[in-house]
file coords04.csv (CSV, N, CA and C atoms)
chain,number,residue,atom,x,y,z
T,1,MET,N,9.9,46.7,17.2
T,1,MET,CA,9.8,47.9,18.1
T,1,MET,C,10.8,48.9,17.6
T,2,GLU,N,10.4,50.1,17.6
T,2,GLU,CA,11.2,51.2,17.1
T,2,GLU,C,12.3,51.5,18.1
T,3,PRO,N,13.5,52.0,17.6
T,3,PRO,CA,14.6,52.2,18.5
T,3,PRO,C,14.3,53.3,19.6
T,4,ALA,N,13.6,54.3,19.2
T,4,ALA,CA,13.2,55.4,20.2
T,4,ALA,C,12.4,54.9,21.3
T,5,VAL,N,11.4,54.0,21.0
T,5,VAL,CA,10.5,53.5,22.0
T,5,VAL,C,11.3,52.5,22.9
T,6,PHE,N,12.2,51.7,22.3
T,6,PHE,CA,13.0,50.8,23.0
T,6,PHE,C,13.9,51.5,24.0
T,7,LEU,N,14.6,52.6,23.5
T,7,LEU,CA,15.5,53.3,24.4
T,7,LEU,C,14.8,54.1,25.5
T,8,THR,N,13.6,54.5,25.2
T,8,THR,CA,12.8,55.2,26.2
T,8,THR,C,12.4,54.2,27.3
T,9,ALA,N,11.9,53.0,26.9
T,9,ALA,CA,11.6,52.0,27.9
T,9,ALA,C,12.8,51.5,28.7
T,10,LEU,N,13.9,51.4,28.0
T,10,LEU,CA,15.1,51.0,28.7
T,10,LEU,C,15.5,52.1,29.7
T,11,LEU,N,15.4,53.3,29.4
T,11,LEU,CA,15.7,54.4,30.3
T,11,LEU,C,14.8,54.4,31.5
T,12,ILE,N,13.5,54.2,31.3
T,12,ILE,CA,12.6,54.2,32.4
T,12,ILE,C,12.8,53.0,33.3
T,13,PHE,N,12.9,51.8,32.8
T,13,PHE,CA,13.0,50.6,33.6
T,13,PHE,C,14.3,50.2,34.1
T,14,VAL,N,15.4,50.8,33.5
T,14,VAL,CA,16.7,50.4,34.0
T,14,VAL,C,17.5,51.7,34.4
T,15,GLY,N,17.4,52.7,33.7
T,15,GLY,CA,18.2,53.9,33.9
T,15,GLY,C,17.8,54.6,35.2
T,16,ILE,N,16.6,54.9,35.4
T,16,ILE,CA,16.1,55.6,36.6
T,16,ILE,C,16.4,54.8,37.9
T,17,PRO,N,16.1,53.5,38.0
T,17,PRO,CA,16.5,52.8,39.2
T,17,PRO,C,18.0,52.7,39.4
T,18,ALA,N,18.8,52.6,38.3
T,18,ALA,CA,20.2,52.6,38.4
T,18,ALA,C,20.7,53.9,39.0
T,19,LEU,N,20.2,55.0,38.5
T,19,LEU,CA,20.6,56.3,39.1
T,19,LEU,C,20.3,56.4,40.6
T,20,THR,N,19.1,55.9,40.9
T,20,THR,CA,18.7,55.9,42.4
T,20,THR,C,19.7,55.1,43.2
T,21,VAL,N,20.1,54.0,42.7
T,21,VAL,CA,21.0,53.1,43.5
T,21,VAL,C,22.3,53.8,43.6
T,22,ILE,N,22.8,54.5,42.6
T,22,ILE,CA,24.1,55.2,42.6
T,22,ILE,C,24.0,56.3,43.6
T,23,LYS,N,22.9,57.1,43.6
T,23,LYS,CA,22.7,58.2,44.6
T,23,LYS,C,22.7,57.7,46.0
T,24,LEU,N,22.0,56.6,46.3
T,24,LEU,CA,22.0,56.0,47.6
T,24,LEU,C,23.4,55.5,48.0
T,25,ALA,N,24.1,54.9,47.1
T,25,ALA,CA,25.5,54.4,47.4
T,25,ALA,C,26.4,55.6,47.8
T,26,ARG,N,26.2,56.7,47.1
T,26,ARG,CA,27.0,57.9,47.4
T,26,ARG,C,26.7,58.4,48.8
T,27,LEU,N,25.4,58.5,49.1
T,27,LEU,CA,25.0,59.0,50.4
T,27,LEU,C,25.5,58.1,51.5
T,28,ARG,N,25.4,56.8,51.3
T,28,ARG,CA,25.9,55.9,52.3
T,28,ARG,C,27.4,56.0,52.5
T,29,ALA,N,28.1,56.2,51.4
T,29,ALA,CA,29.6,56.3,51.5
T,29,ALA,C,30.0,57.6,52.2
T,30,ALA,N,29.2,58.7,52.1
T,30,ALA,CA,29.5,60.0,52.6
T,30,ALA,C,29.2,60.1,54.1
T,31,ARG,N,28.4,59.2,54.6
T,31,ARG,CA,28.1,59.4,56.1
T,31,ARG,C,29.2,58.8,56.9
T,32,PRO,N,29.3,59.3,58.1
T,32,PRO,CA,30.4,58.8,59.0
T,32,PRO,C,30.1,57.3,59.4
T,33,GLN,N,31.1,56.5,59.5
T,33,GLN,CA,30.9,55.1,59.8
T,33,GLN,C,30.7,54.9,61.3
T,34,ALA,N,31.4,55.6,62.2
T,34,ALA,CA,31.3,55.4,63.6
T,34,ALA,C,30.6,56.6,64.2
T,35,LEU,N,29.8,56.3,65.2
T,35,LEU,CA,29.1,57.4,65.9
T,35,LEU,C,30.0,58.0,66.9
T,36,SER,N,29.8,59.3,67.2
T,36,SER,CA,30.6,59.9,68.2
T,36,SER,C,30.2,59.4,69.6
T,37,ASP,N,31.1,59.6,70.6
T,37,ASP,CA,30.8,59.2,71.9
T,37,ASP,C,29.5,59.8,72.5
T,38,ASP,N,29.3,61.1,72.2
T,38,ASP,CA,28.1,61.7,72.7
T,38,ASP,C,26.8,61.1,72.1
T,39,VAL,N,26.8,60.8,70.8
T,39,VAL,CA,25.7,60.2,70.2
T,39,VAL,C,25.5,58.8,70.7
T,40,THR,N,26.5,58.1,70.9
T,40,THR,CA,26.4,56.7,71.5
T,40,THR,C,25.8,56.7,72.9
T,41,ALA,N,26.3,57.7,73.7
T,41,ALA,CA,25.8,57.8,75.1
T,41,ALA,C,24.3,58.2,75.1
T,42,ARG,N,23.9,59.1,74.2
T,42,ARG,CA,22.5,59.5,74.1
T,42,ARG,C,21.6,58.3,73.6
T,43,LEU,N,22.1,57.5,72.7
T,43,LEU,CA,21.4,56.4,72.2
T,43,LEU,C,21.2,55.4,73.3
T,44,GLU,N,22.3,55.1,74.1
T,44,GLU,CA,22.2,54.2,75.2
T,44,GLU,C,21.2,54.7,76.2
T,45,ALA,N,21.2,56.0,76.5
T,45,ALA,CA,20.2,56.5,77.5
T,45,ALA,C,18.8,56.4,77.0
T,46,LEU,N,18.6,56.6,75.7
T,46,LEU,CA,17.3,56.4,75.1
T,46,LEU,C,16.8,55.0,75.2
T,47,GLU,N,17.7,54.1,74.9
T,47,GLU,CA,17.4,52.7,74.9
T,47,GLU,C,17.0,52.3,76.4
T,48,SER,N,17.8,52.8,77.3
T,48,SER,CA,17.5,52.5,78.7
T,48,SER,C,16.1,53.0,79.1
T,49,ARG,N,15.8,54.3,78.7
T,49,ARG,CA,14.5,54.9,79.1
T,49,ARG,C,13.4,54.1,78.4
T,50,LEU,N,13.6,53.7,77.2
T,50,LEU,CA,12.6,53.0,76.4
T,50,LEU,C,12.3,51.7,77.2
T,51,GLN,N,13.3,51.0,77.6
T,51,GLN,CA,13.1,49.7,78.4
T,51,GLN,C,12.3,50.0,79.7
T,52,ASP,N,12.7,51.1,80.3
T,52,ASP,CA,11.9,51.5,81.6
T,52,ASP,C,10.5,51.7,81.2
T,53,LEU,N,10.2,52.5,80.2
T,53,LEU,CA,8.8,52.7,79.8
T,53,LEU,C,8.1,51.5,79.4
T,54,GLN,N,8.7,50.6,78.7
T,54,GLN,CA,8.1,49.3,78.4
T,54,GLN,C,7.7,48.5,79.6
T,55,GLN,N,8.6,48.5,80.6
T,55,GLN,CA,8.4,47.8,81.9
T,55,GLN,C,7.2,48.5,82.6
T,56,GLU,N,7.2,49.8,82.6
T,56,GLU,CA,6.0,50.5,83.3
T,56,GLU,C,4.7,50.2,82.6
T,57,GLN,N,4.8,50.1,81.2
T,57,GLN,CA,3.6,49.9,80.5
T,57,GLN,C,3.1,48.4,80.7
T,58,ALA,N,4.0,47.5,80.9
T,58,ALA,CA,3.6,46.1,81.1
T,58,ALA,C,3.0,46.0,82.5
T,59,GLU,N,3.6,46.7,83.5
T,59,GLU,CA,3.0,46.7,84.9
T,59,GLU,C,1.6,47.3,84.9
T,60,THR,N,1.5,48.4,84.1
T,60,THR,CA,0.2,49.1,84.1
T,60,THR,C,-0.9,48.2,83.4
T,61,GLN,N,-0.5,47.5,82.4
T,61,GLN,CA,-1.4,46.5,81.7
T,61,GLN,C,-1.8,45.4,82.7
T,62,GLU,N,-0.9,44.9,83.5
T,62,GLU,CA,-1.2,43.9,84.5
T,62,GLU,C,-2.2,44.4,85.5
T,63,ARG,N,-2.0,45.7,85.9
T,63,ARG,CA,-3.0,46.3,86.9
T,63,ARG,C,-4.3,46.4,86.3
T,64,LEU,N,-4.4,46.9,85.0
T,64,LEU,CA,-5.6,47.0,84.3
T,64,LEU,C,-6.4,45.7,84.2
T,65,ASP,N,-5.6,44.7,83.8
T,65,ASP,CA,-6.2,43.3,83.7
T,65,ASP,C,-6.8,42.9,85.0
T,66,PHE,N,-6.0,43.1,86.1
T,66,PHE,CA,-6.5,42.7,87.5
T,66,PHE,C,-7.8,43.5,87.8
T,67,ALA,N,-7.8,44.8,87.5
T,67,ALA,CA,-9.0,45.6,87.8
T,67,ALA,C,-10.2,45.1,87.0
T,68,GLU,N,-10.0,44.8,85.8
T,68,GLU,CA,-11.1,44.3,84.9
T,68,GLU,C,-11.6,43.0,85.5
T,69,ARG,N,-10.7,42.1,85.9
T,69,ARG,CA,-11.2,40.8,86.5
T,69,ARG,C,-12.0,41.1,87.8
T,70,LEU,N,-11.6,42.0,88.6
T,70,LEU,CA,-12.4,42.3,89.8
T,70,LEU,C,-13.7,42.9,89.5
T,71,LEU,N,-13.8,43.8,88.5
T,71,LEU,CA,-15.1,44.4,88.1
T,71,LEU,C,-16.0,43.3,87.5
T,72,SER,N,-15.4,42.4,86.7
T,72,SER,CA,-16.2,41.3,86.1
T,72,SER,C,-16.8,40.4,87.2
T,73,LYS,N,-16.0,40.1,88.2
T,73,LYS,CA,-16.5,39.2,89.3
T,73,LYS,C,-17.6,40.0,90.1
T,74,ALA,N,-17.4,41.3,90.3
T,74,ALA,CA,-18.4,42.0,91.0
T,74,ALA,C,-19.7,42.1,90.3
T,75,ARG,N,-19.6,42.2,88.9
T,75,ARG,CA,-20.9,42.2,88.1
T,75,ARG,C,-21.6,40.8,88.2
T,76,GLU,N,-20.8,39.7,88.2
T,76,GLU,CA,-21.3,38.4,88.3
T,76,GLU,C,-22.0,38.2,89.6
T,77,VAL,N,-21.4,38.7,90.7
T,77,VAL,CA,-22.0,38.6,92.0
T,77,VAL,C,-23.3,39.4,92.1
T,78,ASN,N,-23.3,40.6,91.5
T,78,ASN,CA,-24.6,41.4,91.5
T,78,ASN,C,-25.7,40.8,90.6
T,79,ARG,N,-25.3,40.1,89.6
T,79,ARG,CA,-26.3,39.5,88.7
T,79,ARG,C,-26.9,38.3,89.5
T,80,GLY,N,-26.1,37.6,90.2
T,80,GLY,CA,-26.6,36.4,90.9
T,80,GLY,C,-27.5,36.7,92.1
T,81,ALA,N,-27.3,38.0,92.6
T,81,ALA,CA,-28.1,38.3,93.8
T,81,ALA,C,-29.5,38.7,93.6

call {"tool": "encode", "arguments": {"input": "coords04.csv", "output": "structure tokens"}}
result
Amino acid sequence: MEPAVFLTALLIFVGIPALTVIKLARLRAARPQALSDDVTARLEALESRLQDLQQEQAETQERLDFAERLLSKAREVNRGA
């Protein structure tokens, strides 16, 4: 294998990923480690609201299932009559 081809392949398969890892490490090191109190409070409020919405969605799903069962029973009664 020619040296130029080998060096090009080495650059493509090792150099580019290595540079990407270095850039990501620098970005991670530059970001703040601890969130501010305001951000923490907002995240907690979002989590709470998300839990509320999930509960509402579960209750709505239960109601829908109940309504579907009632409709199914009504159709069976109508077919039998």

call {"tool": "atom_distance", "arguments": {"input": "coords04.csv", "atom1": "atom C of Leu24 (chain T)", "atom2": "atom N of Leu11 (chain T)"}}
result
20.4 Å

call {"tool": "atom_distance", "arguments": {"input": "coords04.csv", "atom1": "CA of Lys73 (chain T)", "atom2": "CA of Gln57 (chain T)"}}
result
24.4 Å

call {"tool": "atom_distance", "arguments": {"input": "coords04.csv", "atom1": "CA of Ser72 (chain T)", "atom2": "CA of Leu53 (chain T)"}}
result
28.2 Å
